[in-house]
Structure formats: structure tokens, C-alpha cells
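A.B. asks: Please read through the structure below; I'll follow up with questions.
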Amino acid sequence: DIYFTFSPNFRFYLNGSYCEIIERSFDRHYKYLLGYRGYPAKEILRIRKSSFKNMGSLDNVAKLTVIIKEGCTGEYPTEAMDEAYNLTVKSGSSILVANQVWGALRGIESFSQMAFVSYSFGTVIRKTSITDDARFKYRGFLIDTARHYLHMNTIIKHLDGMEMTKLNVLHWHITDGPSFPLVSAKYPNLTGKGAYNPYTHIYTFTDVHQILEEARLRGIRVVPEIDSPGHATSWGKGYPQLLSKCLPVNGSIINSPPLDPTNEYTFTFIKNLFTEINQLFHDSAFHIGGDEVSFACWKSNPIYAKFIGK
């Protein structure tokens, strides 16, 4: 195997006009690759000692030139994004070629992960050539911020981890029975009454925009999930008329009523809420839950039993 050291003046270079997505990626990977700005390289990169005994001096890599055939974009990633890339690691200027920025992001990540620390030569990288593409177009990870509120910096760190592992869809399960942390301008009592704390444990429009932007810069789609018609207890804390009126079954009370399908207000509410949220997010997918609906509740009340029978 042939290895190269990194020049003290190593830099990433974009062959073309300024592109924020790529430049921000460069900034992150300087940290990971060379331990800049408070990220010690020894904590990020693997340490290998035996591979470099008696190898003498090594040539170095002075820069990684990134070429994007279709140019930059300010758009959000979609299910149709092209993540293919070709990476050639060699002395002097290594080269990364991709059709779109999304492939360039994946290639920069691969380049960074190939580097490691040796005791004899510092940060080194192996000579190689890679042609890579996504086998699976949907590589997702779900976070649940309804049962366990996650602070903004935690979600952004999670996005960093997704980028490192080349996951490209954040399935954001925002609401559920325990809490409704997403602020609605039209229905403020959803968070006012339904969040764990209406001041500290919520996501404002500004927060959502920041998450979407941080995800975009890493080539990650964000698919929101607003769970319904079950798992909607938190909705009813601010708008009790939305919930079905469950009757006791064998003396037991049903504590998780679904939304009331016989109330026209329910459908008006859902239409307005989903329209507002859909305008906030940018992805073509919008997840509405649909799981674990309490049919026992509906069967307990003749009103719903009659409605279901129609």
C-alpha cells in the first residue's frame, strides 16, 4: 500500500464559483480531518502505529479538488438527488468528481474518513480510487421529540452523525400523546397546553428553519411526522373538543382517546394545521402517523360505532 501525509498547507478547493453547501462542508471537515478549532485529531481519527515502521519519507497531499458537473444549488435535497461520486487520492492534488453537490458531500466525507493518525507521520491517507453511489435512496433515522424533548444543539449533533454515516433522511417524529412541542400560529394552545413546557420545550418556526438549513447543508432531507388520529392526547389538552369521548369498558377508563371522526371541527382543524406545517417544511413527504388507533374507544361509544358502520 502507498500512503501520503498531509501538507501543512493542505486545503480543500472547489473548482468553480462559490457554493455555500460545499464551503460549509469544507469547514466541518477541516475540523474532523486535521483537528482544527478545538477538535483534537487523536479523538476523531484512528491511531495506527505498526503500518509505518521503516517506511522512510512519504509524499504529501496538498489539496482535494472538488468538481461538481451540474454546479451549485440552493435547493433542498429530494428523493431524486444524485449522491454518486468518484474520488482519486494521490500525491499533490487529489480529485473528487460528482454530478451534484450531494455526491460531493458524500465524497468529502469518504475522503475525511480515510485519513488516520500515525505516530511516525502524523495524519496520513492511503492512495486509492473510489467510485461510489447510493444503493438505497432512502437511508433514514427517526428521532422522537414528543416523548423525549431534544434541544436544538442535540438535534444538530445528530445531523452531524447522520452525515458521517451517510444517512440522508431525518424522520422527525415531532408530536405524540405525551407532548406537542411544535408551535402553531393558528392553534397556539397546542404548545401552550400540550408541550412539556410552553417556553423551554418547544420548537418555534425559527428553530424549524434552522434544523432544515443544517440538514440541507449536510444533504439530509427532513420528513416531519404529526401523529394522528391516535397518539393525539396532547392535542386535547389545548383543544379538548378534538378528542373522542371514550366510555368505560368493563369498568376501565381508556386514557388515550383518538381524534373524534364525527366532529366536523376535527377535519377543519387537521386541514388548517397540516397546511400550516406543510408550508413550514420543504420535503415532498409528510408523515401523518396512523398507528395504534384505539378502536376500543370508538367501539365503546354508540356514536362512533354507528359512524364506523356507515
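Each chain in the C-alpha cells gets a letter, A, B, ..., in the order shown, and its residues are numbered from 1; ligands are numbered from 1 in order too.
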Using only C-alpha atoms, which residues sit within 12 Å of Ala215 in chain A once same-chain residues fewer than 4 positions away are excluded, as a short mmCIF file (atom, residue, chain, number, x, y, z; two decimals) with all heavy atoms, in the first residue's frame?
C.D. replies:
```cif
data_model
loop_
_atom_site.label_atom_id
_atom_site.label_comp_id
_atom_site.auth_asym_id
_atom_site.auth_seq_id
_atom_site.Cartn_x
_atom_site.Cartn_y
_atom_site.Cartn_z
N ILE A 21 -23.02 25.26 0.30
CA ILE A 21 -23.10 23.88 0.80
C ILE A 21 -21.71 23.24 0.86
O ILE A 21 -21.35 22.61 1.86
CB ILE A 21 -24.04 23.03 -0.09
CG1 ILE A 21 -25.48 23.48 0.08
CG2 ILE A 21 -23.90 21.55 0.23
CD1 ILE A 21 -26.47 22.72 -0.79
N ARG A 24 -19.25 25.12 3.42
CA ARG A 24 -19.57 24.76 4.82
C ARG A 24 -19.12 23.34 5.13
O ARG A 24 -18.70 23.04 6.25
CB ARG A 24 -21.07 24.94 5.05
CG ARG A 24 -21.56 26.39 5.00
CD ARG A 24 -21.21 27.15 6.26
NE ARG A 24 -21.94 26.63 7.41
CZ ARG A 24 -23.16 27.03 7.75
NH1 ARG A 24 -23.79 27.95 7.03
NH2 ARG A 24 -23.76 26.53 8.82
N SER A 25 -19.21 22.47 4.13
CA SER A 25 -18.70 21.11 4.31
C SER A 25 -17.19 21.12 4.51
O SER A 25 -16.65 20.42 5.37
CB SER A 25 -19.06 20.24 3.09
OG SER A 25 -18.49 18.95 3.21
N GLU A 75 -31.12 24.62 -3.42
CA GLU A 75 -32.34 23.87 -3.16
C GLU A 75 -32.14 22.87 -2.02
O GLU A 75 -31.02 22.59 -1.60
CB GLU A 75 -32.78 23.13 -4.42
CG GLU A 75 -33.09 24.03 -5.61
CD GLU A 75 -34.24 24.99 -5.32
OE1 GLU A 75 -35.22 24.52 -4.72
OE2 GLU A 75 -34.14 26.17 -5.70
N TYR A 76 -33.26 22.32 -1.56
CA TYR A 76 -33.22 21.29 -0.54
C TYR A 76 -33.07 19.92 -1.22
O TYR A 76 -33.53 19.72 -2.35
CB TYR A 76 -34.50 21.31 0.30
CG TYR A 76 -34.54 22.47 1.26
CD1 TYR A 76 -34.98 23.73 0.84
CD2 TYR A 76 -34.13 22.33 2.57
CE1 TYR A 76 -34.99 24.81 1.71
CE2 TYR A 76 -34.15 23.40 3.46
CZ TYR A 76 -34.58 24.64 3.02
OH TYR A 76 -34.58 25.70 3.88
N PRO A 77 -32.43 18.97 -0.54
CA PRO A 77 -32.29 17.63 -1.12
C PRO A 77 -33.65 16.96 -1.27
O PRO A 77 -34.58 17.23 -0.50
CB PRO A 77 -31.41 16.88 -0.11
CG PRO A 77 -31.60 17.62 1.18
CD PRO A 77 -31.82 19.06 0.80
N THR A 78 -33.77 16.09 -2.28
CA THR A 78 -35.02 15.39 -2.55
C THR A 78 -34.73 13.90 -2.73
O THR A 78 -33.57 13.47 -2.73
CB THR A 78 -35.68 15.91 -3.83
OG1 THR A 78 -34.90 15.51 -4.97
CG2 THR A 78 -35.81 17.44 -3.81
N TRP A 102 -24.72 16.87 -3.76
CA TRP A 102 -25.00 15.81 -2.79
C TRP A 102 -23.94 14.70 -2.89
O TRP A 102 -23.50 14.16 -1.87
CB TRP A 102 -26.40 15.26 -3.00
CG TRP A 102 -27.40 16.33 -3.31
CD1 TRP A 102 -28.14 16.49 -4.45
CD2 TRP A 102 -27.77 17.44 -2.47
NE1 TRP A 102 -28.93 17.61 -4.39
CE2 TRP A 102 -28.73 18.22 -3.18
CE3 TRP A 102 -27.38 17.85 -1.20
CZ2 TRP A 102 -29.30 19.37 -2.65
CZ3 TRP A 102 -27.95 19.01 -0.67
CH2 TRP A 102 -28.90 19.75 -1.40
N ILE A 155 -30.04 17.98 18.35
CA ILE A 155 -30.51 17.59 17.01
C ILE A 155 -29.44 17.88 15.97
O ILE A 155 -29.20 17.07 15.06
CB ILE A 155 -31.82 18.32 16.66
CG1 ILE A 155 -32.94 17.90 17.64
CG2 ILE A 155 -32.23 18.02 15.23
CD1 ILE A 155 -34.25 18.62 17.41
N ILE A 156 -28.75 19.01 16.10
CA ILE A 156 -27.69 19.35 15.13
C ILE A 156 -26.53 18.37 15.24
O ILE A 156 -25.95 17.94 14.23
CB ILE A 156 -27.23 20.80 15.34
CG1 ILE A 156 -28.37 21.76 14.96
CG2 ILE A 156 -25.99 21.10 14.49
CD1 ILE A 156 -28.09 23.21 15.30
N LYS A 157 -26.18 17.96 16.46
CA LYS A 157 -25.14 16.93 16.62
C LYS A 157 -25.58 15.62 15.98
O LYS A 157 -24.77 14.88 15.42
CB LYS A 157 -24.83 16.72 18.11
CG LYS A 157 -24.04 17.85 18.74
CD LYS A 157 -23.74 17.56 20.21
CE LYS A 157 -22.94 18.68 20.83
NZ LYS A 157 -22.67 18.43 22.28
N HIS A 158 -26.87 15.34 16.10
CA HIS A 158 -27.40 14.14 15.46
C HIS A 158 -27.26 14.23 13.94
O HIS A 158 -26.90 13.24 13.28
CB HIS A 158 -28.87 13.97 15.84
CG HIS A 158 -29.50 12.73 15.30
ND1 HIS A 158 -29.34 11.50 15.87
CD2 HIS A 158 -30.26 12.54 14.19
CE1 HIS A 158 -29.99 10.59 15.17
NE2 HIS A 158 -30.56 11.20 14.14
N LEU A 159 -27.50 15.41 13.38
CA LEU A 159 -27.31 15.61 11.95
C LEU A 159 -25.84 15.40 11.56
O LEU A 159 -25.55 14.84 10.49
CB LEU A 159 -27.77 17.01 11.54
CG LEU A 159 -29.28 17.27 11.62
CD1 LEU A 159 -29.56 18.75 11.39
CD2 LEU A 159 -30.05 16.42 10.62
N ASP A 160 -24.92 15.83 12.42
CA ASP A 160 -23.50 15.57 12.17
C ASP A 160 -23.24 14.07 12.07
O ASP A 160 -22.52 13.61 11.18
CB ASP A 160 -22.64 16.17 13.29
CG ASP A 160 -22.46 17.67 13.17
OD1 ASP A 160 -22.58 18.19 12.04
OD2 ASP A 160 -22.19 18.32 14.20
N GLY A 161 -23.82 13.32 13.00
CA GLY A 161 -23.64 11.87 12.99
C GLY A 161 -24.25 11.23 11.76
O GLY A 161 -23.69 10.27 11.20
N MET A 162 -25.40 11.75 11.32
CA MET A 162 -26.02 11.23 10.11
C MET A 162 -25.14 11.49 8.89
O MET A 162 -25.00 10.63 8.01
CB MET A 162 -27.40 11.86 9.91
CG MET A 162 -28.44 11.42 10.92
SD MET A 162 -30.07 12.14 10.61
CE MET A 162 -30.51 11.38 9.04
N GLU A 163 -24.53 12.68 8.84
CA GLU A 163 -23.64 12.98 7.72
C GLU A 163 -22.45 12.03 7.70
O GLU A 163 -22.06 11.53 6.64
CB GLU A 163 -23.15 14.43 7.82
CG GLU A 163 -22.20 14.81 6.69
CD GLU A 163 -21.66 16.22 6.83
OE1 GLU A 163 -21.39 16.65 7.97
OE2 GLU A 163 -21.48 16.88 5.79
N LEU A 167 -26.32 8.87 6.20
CA LEU A 167 -27.77 8.76 6.26
C LEU A 167 -28.36 10.04 5.67
O LEU A 167 -27.83 11.13 5.90
CB LEU A 167 -28.25 8.56 7.69
CG LEU A 167 -27.75 7.28 8.38
CD1 LEU A 167 -28.25 7.23 9.82
CD2 LEU A 167 -28.18 6.04 7.62
N ASN A 168 -29.45 9.92 4.92
CA ASN A 168 -29.90 11.09 4.17
C ASN A 168 -31.35 11.51 4.43
O ASN A 168 -31.85 12.41 3.76
CB ASN A 168 -29.69 10.87 2.67
CG ASN A 168 -30.55 9.75 2.10
OD1 ASN A 168 -31.25 9.05 2.84
ND2 ASN A 168 -30.54 9.59 0.79
N VAL A 169 -32.04 10.88 5.39
CA VAL A 169 -33.40 11.29 5.73
C VAL A 169 -33.55 11.32 7.25
O VAL A 169 -33.37 10.30 7.92
CB VAL A 169 -34.47 10.34 5.14
CG1 VAL A 169 -35.87 10.84 5.51
CG2 VAL A 169 -34.33 10.21 3.64
N LEU A 170 -33.87 12.49 7.79
CA LEU A 170 -34.22 12.61 9.20
C LEU A 170 -35.74 12.53 9.30
O LEU A 170 -36.46 13.43 8.86
CB LEU A 170 -33.74 13.94 9.77
CG LEU A 170 -34.14 14.21 11.23
CD1 LEU A 170 -33.43 13.24 12.17
CD2 LEU A 170 -33.84 15.65 11.63
N HIS A 171 -36.24 11.43 9.84
CA HIS A 171 -37.67 11.27 10.10
C HIS A 171 -37.92 11.89 11.48
O HIS A 171 -37.56 11.32 12.49
CB HIS A 171 -38.04 9.78 10.08
CG HIS A 171 -39.49 9.51 10.30
ND1 HIS A 171 -40.14 8.47 9.70
CD2 HIS A 171 -40.43 10.13 11.06
CE1 HIS A 171 -41.41 8.45 10.07
NE2 HIS A 171 -41.60 9.46 10.91
N TRP A 172 -38.53 13.06 11.47
CA TRP A 172 -38.71 13.82 12.71
C TRP A 172 -40.12 13.56 13.25
O TRP A 172 -41.09 14.18 12.82
CB TRP A 172 -38.48 15.29 12.45
CG TRP A 172 -38.43 16.15 13.70
CD1 TRP A 172 -38.61 15.74 14.98
CD2 TRP A 172 -38.19 17.56 13.75
NE1 TRP A 172 -38.50 16.81 15.84
CE2 TRP A 172 -38.24 17.93 15.11
CE3 TRP A 172 -37.94 18.53 12.78
CZ2 TRP A 172 -38.05 19.24 15.52
CZ3 TRP A 172 -37.76 19.84 13.18
CH2 TRP A 172 -37.80 20.20 14.54
N VAL A 208 -37.30 25.46 13.58
CA VAL A 208 -37.51 24.53 12.47
C VAL A 208 -36.69 24.95 11.26
O VAL A 208 -36.04 24.12 10.61
CB VAL A 208 -39.00 24.42 12.12
CG1 VAL A 208 -39.19 23.60 10.84
CG2 VAL A 208 -39.78 23.79 13.26
N HIS A 209 -36.70 26.24 10.95
CA HIS A 209 -35.92 26.73 9.81
C HIS A 209 -34.43 26.43 10.00
O HIS A 209 -33.73 26.06 9.04
CB HIS A 209 -36.12 28.23 9.63
CG HIS A 209 -37.45 28.61 9.07
ND1 HIS A 209 -37.98 28.02 7.94
CD2 HIS A 209 -38.38 29.53 9.47
CE1 HIS A 209 -39.16 28.54 7.67
NE2 HIS A 209 -39.43 29.45 8.58
N GLN A 210 -33.95 26.54 11.23
CA GLN A 210 -32.53 26.26 11.49
C GLN A 210 -32.23 24.78 11.29
O GLN A 210 -31.21 24.42 10.68
CB GLN A 210 -32.15 26.69 12.91
CG GLN A 210 -30.66 26.46 13.21
CD GLN A 210 -30.27 26.86 14.61
OE1 GLN A 210 -31.07 27.43 15.37
NE2 GLN A 210 -29.03 26.57 14.99
N ILE A 211 -33.11 23.91 11.79
CA ILE A 211 -32.90 22.47 11.60
C ILE A 211 -32.92 22.12 10.12
O ILE A 211 -32.08 21.34 9.64
CB ILE A 211 -33.99 21.68 12.36
CG1 ILE A 211 -33.84 21.86 13.87
CG2 ILE A 211 -33.92 20.18 11.99
CD1 ILE A 211 -32.52 21.39 14.43
N GLY A 219 -26.92 17.56 3.19
CA GLY A 219 -27.56 16.69 2.22
C GLY A 219 -28.56 15.75 2.83
O GLY A 219 -28.71 14.60 2.40
N ILE A 220 -29.31 16.25 3.84
CA ILE A 220 -30.26 15.41 4.57
C ILE A 220 -31.67 15.98 4.41
O ILE A 220 -31.90 17.16 4.69
CB ILE A 220 -29.88 15.34 6.06
CG1 ILE A 220 -28.50 14.68 6.23
CG2 ILE A 220 -30.94 14.58 6.86
CD1 ILE A 220 -27.95 14.75 7.64
N ARG A 221 -32.58 15.14 3.97
CA ARG A 221 -33.99 15.52 3.92
C ARG A 221 -34.57 15.46 5.33
O ARG A 221 -34.11 14.69 6.17
CB ARG A 221 -34.77 14.54 3.03
CG ARG A 221 -34.36 14.51 1.59
CD ARG A 221 -34.93 13.29 0.88
NE ARG A 221 -36.39 13.21 1.05
CZ ARG A 221 -37.09 12.09 0.82
NH1 ARG A 221 -36.49 10.97 0.44
NH2 ARG A 221 -38.40 12.09 0.98
N VAL A 222 -35.60 16.27 5.58
CA VAL A 222 -36.31 16.22 6.86
C VAL A 222 -37.78 15.93 6.59
O VAL A 222 -38.47 16.73 5.95
CB VAL A 222 -36.17 17.54 7.65
CG1 VAL A 222 -36.94 17.44 8.98
CG2 VAL A 222 -34.70 17.86 7.89
N VAL A 223 -38.23 14.77 7.05
CA VAL A 223 -39.63 14.37 6.88
C VAL A 223 -40.33 14.50 8.22
O VAL A 223 -40.02 13.79 9.17
CB VAL A 223 -39.73 12.92 6.38
CG1 VAL A 223 -41.18 12.47 6.31
CG2 VAL A 223 -39.06 12.77 5.01
N PHE A 281 -42.29 23.04 6.25
CA PHE A 281 -41.28 22.09 5.80
C PHE A 281 -41.19 22.11 4.28
O PHE A 281 -42.02 22.69 3.59
CB PHE A 281 -41.61 20.70 6.32
CG PHE A 281 -41.37 20.53 7.80
CD1 PHE A 281 -42.33 20.95 8.72
CD2 PHE A 281 -40.19 19.99 8.27
CE1 PHE A 281 -42.10 20.82 10.08
CE2 PHE A 281 -39.95 19.86 9.63
CZ PHE A 281 -40.92 20.28 10.54
N HIS A 282 -40.17 21.45 3.75
CA HIS A 282 -39.90 21.54 2.32
C HIS A 282 -39.94 20.21 1.59
O HIS A 282 -39.89 20.19 0.36
CB HIS A 282 -38.52 22.18 2.09
CG HIS A 282 -38.39 23.55 2.65
ND1 HIS A 282 -38.87 24.68 2.01
CD2 HIS A 282 -37.86 23.99 3.82
CE1 HIS A 282 -38.62 25.75 2.74
NE2 HIS A 282 -38.01 25.37 3.85
N ASP A 283 -40.00 19.11 2.32
CA ASP A 283 -39.92 17.82 1.65
C ASP A 283 -41.26 17.43 1.03
O ASP A 283 -42.32 17.89 1.47
CB ASP A 283 -39.48 16.74 2.65
CG ASP A 283 -38.87 15.53 1.97
OD1 ASP A 283 -37.69 15.59 1.61
OD2 ASP A 283 -39.60 14.54 1.77
#
```
A.B. asks: Report as number ranges by chain: the residues of range 124-231 of chain A with a DSSP assignment of helix (DSSP H, G or I), based on the backbone of this structure.
C.D. replies: A: 152-164, 189-194, 205-217
A.B. asks: Apply DSSP to the backbone of this structure and, from range 34-222 of chain A, keep only the residues in strand (DSSP E); write these as a ChimeraX atom specification.
C.D. replies: /A:60-68,85-89,92-98,116-118,122-126,128-132,140-144,169-175,221-222
A.B. asks: Selected residues, N, CA and C atoms, written as a short mmCIF file (atom, residue, chain, number, x, y, z; two decimals), in the first residue's frame, please.
C.D. replies:
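Contents of part23.cif, as written:
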```cif
data_model
loop_
_atom_site.label_atom_id
_atom_site.label_comp_id
_atom_site.auth_asym_id
_atom_site.auth_seq_id
_atom_site.Cartn_x
_atom_site.Cartn_y
_atom_site.Cartn_z
N ASN A 60 3.19 13.95 -0.07
CA ASN A 60 2.05 14.51 0.63
C ASN A 60 0.92 14.90 -0.30
N VAL A 61 -0.25 15.06 0.30
CA VAL A 61 -1.44 15.56 -0.38
C VAL A 61 -1.58 17.03 -0.02
N ALA A 62 -1.56 17.89 -1.04
CA ALA A 62 -1.61 19.33 -0.79
C ALA A 62 -3.04 19.86 -0.80
N LYS A 63 -3.92 19.21 -1.58
CA LYS A 63 -5.29 19.68 -1.64
C LYS A 63 -6.21 18.60 -2.20
N LEU A 64 -7.50 18.77 -1.93
CA LEU A 64 -8.54 17.97 -2.56
C LEU A 64 -9.34 18.90 -3.45
N THR A 65 -9.28 18.67 -4.76
CA THR A 65 -10.02 19.48 -5.72
C THR A 65 -11.39 18.84 -5.94
N VAL A 66 -12.45 19.62 -5.75
CA VAL A 66 -13.81 19.13 -5.89
C VAL A 66 -14.42 19.72 -7.16
N ILE A 67 -14.91 18.84 -8.02
CA ILE A 67 -15.53 19.25 -9.28
C ILE A 67 -16.98 18.79 -9.29
N ILE A 68 -17.92 19.73 -9.47
CA ILE A 68 -19.34 19.41 -9.49
C ILE A 68 -19.86 19.74 -10.89
N TYR A 85 -20.32 9.69 -6.74
CA TYR A 85 -19.07 10.45 -6.83
C TYR A 85 -17.92 9.53 -7.21
N ASN A 86 -16.86 10.13 -7.72
CA ASN A 86 -15.60 9.45 -8.00
C ASN A 86 -14.49 10.18 -7.24
N LEU A 87 -13.73 9.44 -6.46
CA LEU A 87 -12.68 10.03 -5.63
C LEU A 87 -11.34 9.36 -5.96
N THR A 88 -10.34 10.17 -6.27
CA THR A 88 -9.00 9.67 -6.52
C THR A 88 -8.04 10.34 -5.53
N VAL A 89 -7.43 9.53 -4.67
CA VAL A 89 -6.47 10.04 -3.69
C VAL A 89 -5.07 9.78 -4.22
N GLY A 92 0.04 15.27 -4.25
CA GLY A 92 -0.25 16.57 -4.86
C GLY A 92 -1.71 16.92 -4.68
N SER A 93 -2.47 16.89 -5.79
CA SER A 93 -3.88 17.25 -5.73
C SER A 93 -4.75 16.03 -5.94
N SER A 94 -5.47 15.60 -4.90
CA SER A 94 -6.47 14.55 -5.04
C SER A 94 -7.71 15.16 -5.68
N ILE A 95 -8.52 14.31 -6.32
CA ILE A 95 -9.63 14.83 -7.10
C ILE A 95 -10.93 14.12 -6.72
N LEU A 96 -11.98 14.91 -6.54
CA LEU A 96 -13.32 14.40 -6.29
C LEU A 96 -14.25 14.96 -7.36
N VAL A 97 -14.94 14.08 -8.08
CA VAL A 97 -15.85 14.49 -9.13
C VAL A 97 -17.25 13.95 -8.83
N ALA A 98 -18.25 14.82 -8.89
CA ALA A 98 -19.64 14.42 -8.65
C ALA A 98 -20.54 15.18 -9.62
N PHE A 116 -6.12 8.88 8.82
CA PHE A 116 -5.92 8.47 10.21
C PHE A 116 -4.57 8.95 10.69
N VAL A 117 -4.31 8.81 11.97
CA VAL A 117 -3.10 9.35 12.58
C VAL A 117 -2.08 8.23 12.79
N SER A 118 -0.85 8.47 12.38
CA SER A 118 0.26 7.56 12.68
C SER A 118 1.23 8.28 13.60
N GLY A 122 2.17 11.55 11.47
CA GLY A 122 1.01 12.40 11.70
C GLY A 122 -0.19 11.88 10.92
N THR A 123 -1.02 12.78 10.43
CA THR A 123 -2.21 12.37 9.68
C THR A 123 -1.81 11.90 8.28
N VAL A 124 -2.26 10.69 7.93
CA VAL A 124 -1.91 10.11 6.63
C VAL A 124 -3.17 9.59 5.95
N ILE A 125 -3.05 9.30 4.65
CA ILE A 125 -4.16 8.76 3.89
C ILE A 125 -3.61 7.82 2.82
N ARG A 126 -4.36 6.80 2.50
CA ARG A 126 -3.91 5.77 1.57
C ARG A 126 -4.24 6.15 0.13
N THR A 128 -5.70 5.66 -3.30
CA THR A 128 -6.82 4.81 -3.70
C THR A 128 -7.68 5.53 -4.73
N SER A 129 -8.60 4.78 -5.31
CA SER A 129 -9.59 5.34 -6.23
C SER A 129 -10.94 4.71 -5.90
N ILE A 130 -11.98 5.54 -5.75
CA ILE A 130 -13.30 5.08 -5.33
C ILE A 130 -14.36 5.57 -6.29
N THR A 131 -15.21 4.66 -6.72
CA THR A 131 -16.44 5.02 -7.44
C THR A 131 -17.59 4.55 -6.59
N ASP A 132 -18.43 5.48 -6.15
CA ASP A 132 -19.44 5.15 -5.15
C ASP A 132 -20.79 5.78 -5.52
N GLY A 140 -32.72 6.34 6.36
CA GLY A 140 -33.29 7.24 7.35
C GLY A 140 -32.97 6.91 8.78
N PHE A 141 -33.20 7.88 9.64
CA PHE A 141 -33.09 7.73 11.09
C PHE A 141 -34.22 8.53 11.73
N LEU A 142 -34.90 7.94 12.68
CA LEU A 142 -36.04 8.59 13.33
C LEU A 142 -35.65 9.13 14.69
N ILE A 143 -36.05 10.36 14.96
CA ILE A 143 -35.93 10.91 16.31
C ILE A 143 -37.34 11.24 16.81
N ASP A 144 -37.57 11.03 18.09
CA ASP A 144 -38.87 11.26 18.72
C ASP A 144 -38.71 12.39 19.72
N VAL A 169 -32.04 10.88 5.39
CA VAL A 169 -33.40 11.29 5.73
C VAL A 169 -33.55 11.32 7.25
N LEU A 170 -33.87 12.49 7.79
CA LEU A 170 -34.22 12.61 9.20
C LEU A 170 -35.74 12.53 9.30
N HIS A 171 -36.24 11.43 9.84
CA HIS A 171 -37.67 11.27 10.10
C HIS A 171 -37.92 11.89 11.48
N TRP A 172 -38.53 13.06 11.47
CA TRP A 172 -38.71 13.82 12.71
C TRP A 172 -40.12 13.56 13.25
N HIS A 173 -40.21 12.63 14.19
CA HIS A 173 -41.47 12.32 14.87
C HIS A 173 -41.68 13.41 15.93
N ILE A 174 -42.36 14.46 15.51
CA ILE A 174 -42.39 15.67 16.34
C ILE A 174 -43.40 15.58 17.47
N THR A 175 -44.60 15.06 17.18
CA THR A 175 -45.68 15.09 18.17
C THR A 175 -46.16 13.68 18.49
N ARG A 221 -32.58 15.14 3.97
CA ARG A 221 -33.99 15.52 3.92
C ARG A 221 -34.57 15.46 5.33
N VAL A 222 -35.60 16.27 5.58
CA VAL A 222 -36.31 16.22 6.86
C VAL A 222 -37.78 15.93 6.59
#
```
A.B. asks: Determine the nearest neighbour of Glu292 in chain A from the options A:Gly251, A:Gly309, A:Pro188, A:Gly177, counting only C-alpha atoms.
C.D. replies: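 Smallest separation from Glu292 in chain A among the options: A:Gly177.
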A.B. asks: In Å to one decimal, how far is CA of Gly194 in chain A from CA of Asn301 in chain A?
C.D. replies: 25.4 Å
A.B. asks: Of the candidates A:His151, A:Gly71, A:Lys31, A:Thr266, which one gets nearest to Arg11 in chain A if we count only C-alpha atoms?
C.D. replies: A:Lys31
A.B. asks: Can you pull out the residues contacting Asp176 in chain A? Cut-off 8 Å, using only C-alpha atoms, and skip same-chain residues under 6 positions away; I want them as a ChimeraX atom specification.
C.D. replies: /A:146-147,226-227,231-234
A.B. asks: Can those selected residues be exported to a file as an mmCIF file, in the first residue's frame so that it contains N, CA and C atoms?
C.D. replies:
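The resulting file, selection-v5.cif, is shown below:
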```cif
data_model
loop_
_atom_site.group_PDB
_atom_site.id
_atom_site.type_symbol
_atom_site.label_atom_id
_atom_site.label_comp_id
_atom_site.auth_asym_id
_atom_site.auth_seq_id
_atom_site.Cartn_x
_atom_site.Cartn_y
_atom_site.Cartn_z
ATOM 1 N N ALA A 146 -41.325 14.067 20.961
ATOM 2 C CA ALA A 146 -42.564 14.208 21.717
ATOM 3 C C ALA A 146 -42.450 13.520 23.067
ATOM 4 N N ARG A 147 -41.901 12.319 23.070
ATOM 5 C CA ARG A 147 -41.712 11.597 24.330
ATOM 6 C C ARG A 147 -40.482 12.087 25.084
ATOM 7 N N ILE A 226 -46.546 14.172 12.155
ATOM 8 C CA ILE A 226 -47.519 14.658 13.124
ATOM 9 C C ILE A 226 -48.494 13.509 13.333
ATOM 10 N N ASP A 227 -48.320 12.797 14.429
ATOM 11 C CA ASP A 227 -49.048 11.536 14.626
ATOM 12 C C ASP A 227 -50.536 11.779 14.847
ATOM 13 N N HIS A 231 -52.591 8.643 19.251
ATOM 14 C CA HIS A 231 -51.454 9.350 19.847
ATOM 15 C C HIS A 231 -51.692 10.851 19.856
ATOM 16 N N ALA A 232 -52.926 11.264 20.094
ATOM 17 C CA ALA A 232 -53.283 12.681 19.978
ATOM 18 C C ALA A 232 -53.722 13.291 21.308
ATOM 19 N N THR A 233 -53.381 12.633 22.402
ATOM 20 C CA THR A 233 -53.796 13.148 23.710
ATOM 21 C C THR A 233 -53.327 14.575 23.932
ATOM 22 N N SER A 234 -52.126 14.876 23.467
ATOM 23 C CA SER A 234 -51.573 16.228 23.676
ATOM 24 C C SER A 234 -52.377 17.291 22.936
#
```
